[in-house]
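Peer 1: My questions all concern the structure below.
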Amino acid sequence: MRLKFFAALICGAIIFSSSLSLAAVDGSKIALDKIFPGMSETELLNAYGQPGYRDGDEWIYQNFKVEVERGIVEEVSTTGTALATPNGVRVGQAATVLNSTFGSADKVDHDYNDVEYEYYSNDGSKKIEFKVVNGVITKIKCKIRD
């Protein structure tokens with residue numbers, strides 16, 4: 001009886017500790033196309049040229065939006081299907097691709113009509129967020145974590 005209890009206790013501890021582990025995404029996978037949080041303003045301009053519109057720190061391009069602060073890309077986001085993450089995830093895909101590509105999310109936030117999945121980089125300095133409505137990815141945002 002004692003052995004069964006001890007074995008069950010160990011199995012429970014293993015299952016519990018594995019549920020606490022983070023997704024630990026490689027920081028280089030937190031990007032949209034060639035745009036990643038932490039790249040310089042110069043690198044962005046060399047790769048994509050001038051934005052179509054600027055509103056302070058917010059730069060609007062045809063298929064994405066970037067926030068640039070002190071010469072560094074702080075955030076990049078898209079609601080369009082033209083850009084994908086380095087491992088091929090893009091707006092319009094079924095949300096089931098997230099688990100198979102990134103693993104279990106580090107944070108899941110259920111709102112009224114959508115769900116946001118967050119994944120953090122190995123070192124915790126960046127994150128990628130996916131907004132999902134009715135099981136479909138509708139927005140991807142990569143940013144430096146504050």
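Letters A, B, ... go to the chains of the structure tokens in the order shown; residues in each chain start at 1; ligands are counted from 1 in the same order.
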Need the shell around A:Asp33: protein/DNA/RNA residues with any atom at most 7 Å away, counting only C-alpha atoms. Skip same-chain ones fewer than 3 positions apart. Format as number ranges by chain?
Peer 2: A: 83-86
Peer 1: Write out as a count of residues only which residues come within 12 Å of A:Asp55 when counting only C-alpha atoms, dropping same-chain ones fewer than 6 positions away.
Peer 2: 5
Peer 1: What are the DSSP helix (DSSP H, G or I) residues of stretch 12-115 of chain A, as an MDAnalysis selection string?
Peer 2: chainID A and resid 12:19 27:29 41:48 96:102
Peer 1: If you count only C-alpha atoms, which residues fall within 9 Å of A:Asn122, apart from same-chain ones fewer than 2 positions away, as a ChimeraX atom specification?
Peer 2: /A:22-27,120,124-126
Peer 1: Using all heavy atoms, can you write the selected residues to a file as a tab-separated table (two decimals), in the first residue's frame?
Peer 2:
```tsv
chain	number	residue	atom	x	y	z
A	22	LEU	N	8.16	26.18	-19.28
A	22	LEU	CA	7.86	27.17	-20.29
A	22	LEU	C	8.09	26.62	-21.68
A	22	LEU	O	8.83	25.66	-21.86
A	22	LEU	CB	8.75	28.41	-20.08
A	22	LEU	CG	8.60	29.10	-18.73
A	22	LEU	CD1	9.60	30.23	-18.62
A	22	LEU	CD2	7.20	29.61	-18.54
A	23	ALA	N	7.49	27.25	-22.67
A	23	ALA	CA	7.67	26.81	-24.05
A	23	ALA	C	9.11	27.00	-24.50
A	23	ALA	O	9.62	26.21	-25.28
A	23	ALA	CB	6.72	27.57	-24.97
A	24	ALA	N	9.79	28.00	-24.00
A	24	ALA	CA	11.20	28.25	-24.30
A	24	ALA	C	11.47	28.27	-25.80
A	24	ALA	O	12.13	27.41	-26.34
A	24	ALA	CB	12.07	27.22	-23.59
A	25	VAL	N	10.95	29.29	-26.45
A	25	VAL	CA	11.12	29.45	-27.89
A	25	VAL	C	12.49	30.06	-28.17
A	25	VAL	O	12.91	31.00	-27.49
A	25	VAL	CB	10.00	30.37	-28.45
A	25	VAL	CG1	10.19	30.66	-29.92
A	25	VAL	CG2	8.64	29.75	-28.20
A	26	ASP	N	13.16	29.54	-29.18
A	26	ASP	CA	14.42	30.12	-29.62
A	26	ASP	C	14.15	31.58	-30.02
A	26	ASP	O	13.23	31.86	-30.79
A	26	ASP	CB	14.94	29.33	-30.82
A	26	ASP	CG	16.27	29.82	-31.36
A	26	ASP	OD1	16.66	30.97	-31.08
A	26	ASP	OD2	16.90	29.05	-32.09
A	27	GLY	N	14.93	32.50	-29.50
A	27	GLY	CA	14.72	33.93	-29.76
A	27	GLY	C	14.71	34.29	-31.24
A	27	GLY	O	14.04	35.24	-31.65
A	120	TYR	N	7.36	32.82	-24.80
A	120	TYR	CA	8.52	33.62	-24.43
A	120	TYR	C	9.80	33.00	-24.97
A	120	TYR	O	9.92	31.78	-25.05
A	120	TYR	CB	8.62	33.77	-22.91
A	120	TYR	CG	7.35	34.27	-22.27
A	120	TYR	CD1	6.86	33.69	-21.12
A	120	TYR	CD2	6.63	35.32	-22.83
A	120	TYR	CE1	5.70	34.15	-20.52
A	120	TYR	CE2	5.47	35.79	-22.25
A	120	TYR	CZ	5.00	35.19	-21.10
A	120	TYR	OH	3.85	35.64	-20.51
A	124	GLY	N	13.88	34.96	-22.03
A	124	GLY	CA	12.79	35.76	-21.47
A	124	GLY	C	12.76	37.20	-21.95
A	124	GLY	O	11.94	37.98	-21.48
A	125	SER	N	13.61	37.58	-22.88
A	125	SER	CA	13.69	38.98	-23.32
A	125	SER	C	12.67	39.34	-24.40
A	125	SER	O	12.41	40.52	-24.61
A	125	SER	CB	15.09	39.29	-23.83
A	125	SER	OG	15.37	38.56	-25.01
A	126	LYS	N	12.11	38.34	-25.08
A	126	LYS	CA	11.15	38.59	-26.16
A	126	LYS	C	9.93	37.70	-25.99
A	126	LYS	O	9.98	36.69	-25.30
A	126	LYS	CB	11.77	38.27	-27.53
A	126	LYS	CG	12.99	39.05	-27.88
A	126	LYS	CD	13.54	38.56	-29.21
A	126	LYS	CE	14.88	39.17	-29.53
A	126	LYS	NZ	15.40	38.66	-30.79
```
Peer 1: Set the distance at 6 Å and use only C-alpha atoms: which residues neighbour A:Ala105 once local chain neighbours fewer than 4 positions away are removed? I'd like the list as an MDAnalysis selection string.
Peer 2: chainID A and resid 117:119
Peer 1: Identify which of the residues A:Ala95, A:Asp106, A:Ile60, A:Asp111 lies closest to A:Thr78, counting only C-alpha atoms when measuring atom-to-atom distances.
Peer 2: A:Ile60
Peer 1: Need to verify the contact set: A:Arg90, 10 Å, only C-alpha atoms, exclusion of same-chain residues closer than 6 positions in sequence. Can you return it as a list of chain:residue names?
Peer 2: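 Here the answer would be A:Leu32, A:Asp33, A:Thr78, A:Thr79, A:Gly80, A:Thr81, A:Ala82, A:Leu83, A:Ala84, A:Val97, A:Phe130, A:Ile137, A:Thr138, A:Lys139, A:Ile140.
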Peer 1: Which is closer to A:Lys141 than all the others in A:Ser77, A:Asn99, A:Glu69, A:Ala31, using only C-alpha atoms?
Peer 2: A:Ser77
Peer 1: When you look at stretch 35-37 of chain A with a cut-off of 8 Å (counting only C-alpha atoms), what residues show up, excluding the ones that are within fewer than 5 positions of it in the same chain? I need them as a list in words.
Peer 2: Ser28, Ile30, Leu44, Ile72, Val73, Glu74, Glu75, Val76, Lys126, Cys142, Lys143 and Ile144 of chain A
Peer 1: Report the residues of stretch 27-145 of chain A whose backbone DSSP state falls under strand (DSSP E or B), written as a PyMOL selection string.
Peer 2: chain A and resi 32+35+40+53-55+58-60+65-69+72-78+84+90+94+107-110+115-121+126-133+136-144
Peer 1: Go ahead and save the picked residues with C-alpha atoms, as a short mmCIF file (atom, residue, chain, number, x, y, z; two decimals), in the first residue's frame.
Peer 2:
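out-v6.cif written:
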```cif
data_model
loop_
_atom_site.label_atom_id
_atom_site.label_comp_id
_atom_site.auth_asym_id
_atom_site.auth_seq_id
_atom_site.Cartn_x
_atom_site.Cartn_y
_atom_site.Cartn_z
CA LEU A 32 7.83 38.21 -38.74
CA ILE A 35 11.70 41.80 -38.82
CA SER A 40 18.00 48.49 -35.49
CA TYR A 53 2.99 56.36 -42.76
CA ARG A 54 4.57 57.38 -39.46
CA ASP A 55 2.74 58.38 -36.31
CA GLU A 58 4.52 53.79 -34.89
CA TRP A 59 5.58 53.01 -38.46
CA ILE A 60 2.90 51.63 -40.77
CA LYS A 65 3.14 47.77 -38.23
CA VAL A 66 6.33 48.48 -36.26
CA GLU A 67 7.04 50.43 -33.08
CA VAL A 68 10.50 51.98 -33.10
CA GLU A 69 11.90 53.53 -29.93
CA ILE A 72 15.36 49.96 -32.00
CA VAL A 73 12.36 47.91 -33.17
CA GLU A 74 10.37 47.28 -29.99
CA GLU A 75 7.40 45.54 -31.61
CA VAL A 76 6.21 44.24 -34.98
CA SER A 77 2.67 43.04 -35.70
CA THR A 78 0.48 41.98 -38.58
CA ALA A 84 5.01 34.53 -41.56
CA ARG A 90 0.89 33.11 -40.39
CA ALA A 94 -5.80 27.19 -37.70
CA LYS A 107 0.35 32.25 -21.10
CA VAL A 108 -3.20 31.94 -22.42
CA ASP A 109 -5.64 34.81 -22.02
CA HIS A 110 -9.32 34.19 -22.76
CA VAL A 115 -7.94 33.93 -27.11
CA GLU A 116 -4.35 35.19 -26.92
CA TYR A 117 -1.46 32.76 -26.75
CA GLU A 118 1.94 34.03 -25.58
CA TYR A 119 5.30 32.32 -25.99
CA TYR A 120 8.52 33.62 -24.43
CA SER A 121 12.08 33.37 -25.72
CA LYS A 126 11.15 38.59 -26.16
CA LYS A 127 7.67 37.24 -26.70
CA ILE A 128 5.40 36.33 -29.58
CA GLU A 129 1.63 36.64 -29.22
CA PHE A 130 -1.09 35.09 -31.35
CA LYS A 131 -4.66 36.39 -31.27
CA VAL A 132 -7.14 33.66 -32.19
CA VAL A 133 -10.81 34.10 -33.07
CA VAL A 136 -8.13 30.92 -36.55
CA ILE A 137 -5.05 33.12 -36.03
CA THR A 138 -6.07 36.74 -36.70
CA LYS A 139 -3.03 38.66 -35.44
CA ILE A 140 0.65 38.00 -34.71
CA LYS A 141 2.75 40.33 -32.57
CA CYS A 142 6.44 40.02 -31.67
CA LYS A 143 7.87 42.32 -29.04
CA ILE A 144 10.57 42.97 -26.49
#
```
Peer 1: In Å to one decimal, how far is atom CA of A:Gly71 from atom CA of A:Asp123?
Peer 2: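 Interatomic distance here is 22.2 Å.
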